[in-house]
Structures are given as C-alpha cells and as structure tokens.
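First comes the structure, then the notes that go with it.
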2 protein chains.
Amino acid sequence: MDEALRAVADPTRRAILVLVRDGEVAAGDIAARFPGISRPAVSQHLRILVTAGLLDVRRDGNRRLYRMRPDGLAEAAMFFQTMWPGPLRRLKDAAEREERALAGEETARIRGESS
Amino acid sequence: MDEALRAVADPTRRAILVLVRDGEVAAGDIAARFPGISRPAVSQHLRILVTAGLLDVRRDGNRRLYRMRPDGLAEAAMFFQTMWPGPLRRLKDAAEREERALAGEETARIRGESS
DNA sequence: AAGGTATGTAAGATGTTGCTTAAATACTTA
DNA sequence: TAAGTATTTAAGCAACATCTTACATACCTT
C-alpha cells in the first residue's frame, strides 16, 4: 500500500492514471499530454506506477501500451474507506454523538453537577 | 488534495491518523507510541498533518491535543472513489466476465471444440 | 542490413524529506 | 520566582525524488 500511496501522491502520476483508466494508451501518447516535462521523465513515472502495481504494460510492436490495473488501488482505497467513512456515515456519527451528549447532560443534571 | 495525499503517503503519519481518529490525544502520548523515533520527529509529522488539514490542534494547559479532522481526507477519498470502482462494482464486472466466458465455453461445446 | 521510430536506461544536478541533537517556548507547580 | 514538564523550533545531515541530457535498446520498414 505504501508504494501505491507514494505513487499516487504525485500529481503527474495521478494525471497519468486518469489517462489510462479507460483503456490502453501508448507511452508516447501519454508523454504528449505532458508538454512541460520530458519523455524520459514520463517514462520514469510510468515505471514507478508499474512497480507500485497500479499499471499494466503490454508490448505492441514498437510501442508499449499502458493501462490501469484497478486492484492496485484496492489496499489504499480501503485505508481511505476506514479513515474517511464518507459523508453519510459522518452524518450518522454526528447524530449519535449528539445523542450521547444530551444523555450525558441529563445524567449530570440528575446528579446535580454543572459543567 | 496534493498535500493530504503526500501526508498520508508516510506510514508513520498514517499510524498517527489512526491514533487520533476517535478522539483527542496529547502530543506526548502520540510520541510514546513510536519508540523508534524521537519526539521532535513526531512533532514534525504532526505539523505536516495539521498543515495538510488532516488534524486539528487544541491547547490544554501544557499539552497540545490533536484529533483528526475527517473532512481533510474528503478530496483525496473522492479521487480514490473515482479511480477505484470499489469491490462491489468489481465483483459485478468479474461476474459478467465469467458469464461471458461460460457462454463462450458453451458455444465451444456445442461446436464440439475443446480448450 | 540500414535507417527510422518508439521507448527505456544511465548519470548527474537540484530540491525535498525525515531524521537527529540542541536550544527555545510556554505553561504549571512549589 | 524558580524549577519542572510538555512541546515545538532550529540546524544540519543522509537518503531519496524528480528532472534533464545523452545514450542504449528493440522493433519496423525498405
């Protein structure tokens, strides 16, 4: 997971992931989308993404076709799922906290305590 | 988002996040959970997490209490949600692939072919 | 085989990260 | 106010990341 998260922490690599999410794209075509950086730089990003298990490569004659490997993000996605319950779950939790807080106040009142 | 993802890419910081997920924890108590690294190192990690919007700090006399700020992960979590369809969607896709494969086998059987 | 095209690898400059130890800050208690 | 406690800030260093240019590899076409 560590490798996947480090890979995804780079904005260029995230952009590459988006490019190859829906199908194979050749290295050159990917590089063409990043006029700001050299082709070797893109190649290195691709290597990192492959090593992290986020991309699959396939040779097609001269070219190399990259595509996303969806399971590569699974572990990292799980981390986010446990750490960020999502907006619905967050609402529910907030409601329960509120409920407990009210119950606590009630207990305190009965005991004659003050905050 | 970039800052949040970079922050979360470090395993120590992820562990800190887990520690403060369910409530406030003092800096010292956090540091005590990481015998391998010095207290200043932990303090620096905490600063990075706060800067990234992932943690809230509160002073309580001498101590500083940290706690998670759940919304800090929202953007990054969204990225994962769009990039990783999730286990259910993936199961569904797998089932459909399987179905197509079986249909293919059946066709082959009727044709008298073998794999 | 020779030349062209697509791509990766190597080497090196430069900036960033994550740690350490030492010192500073800020609150609390005697 | 002095000493103690909790924590951050500063300075410096080794390791790592990211880019560049130059070169190497491998396939395709003629």
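The way I read the labels, and the way they are meant: chains A, B, ... in the order of the structure tokens, residue 1 as the first residue of every chain, and ligand 1 as the first ligand shown, with later ones counted on from there.
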Within 9 Å of chain D: residues of chain A, using only C-alpha atoms (C1' of nucleotides), as a JSON list (two decimals) with C-alpha atoms, in the first residue's frame:
```
[["chain", "number", "residue", "atom", "x", "y", "z"],
["A", 37, "ILE", "CA", 8.21, 17.54, -18.86],
["A", 38, "SER", "CA", 10.50, 15.41, -20.99],
["A", 40, "PRO", "CA", 12.18, 10.20, -20.08],
["A", 41, "ALA", "CA", 10.56, 11.83, -17.09],
["A", 61, "GLY", "CA", 5.49, -3.97, -31.75],
["A", 62, "ASN", "CA", 7.41, -0.83, -31.28],
["A", 63, "ARG", "CA", 5.17, 0.67, -28.68]]
```
(message) I need the chain B residues near chain C as a VMD selection string; criterion: at most 12 Å, counting only C-alpha atoms (C1' of nucleotides).
(response) chain B and resid 6 to 7 9 to 13 36 to 45 48 59 to 64
(message) Using only C-alpha atoms, I'd like every residue of chain A that has an atom within 10 Å of chain B; please write them out as number ranges by chain.
(response) A: 1-11, 14, 17-18, 21, 68-74, 76-87, 90
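The interatomic distance for the pair atom CA of A:Ala52 and atom CA of B:Arg47 works out to 27.7 Å.
Between atom CA of A:Leu19 and atom CA of B:Ala95 lies a distance of 25.8 Å.
When atom CA of A:Ala31 is paired with atom CA of A:Leu65, their separation reads 12.1 Å.
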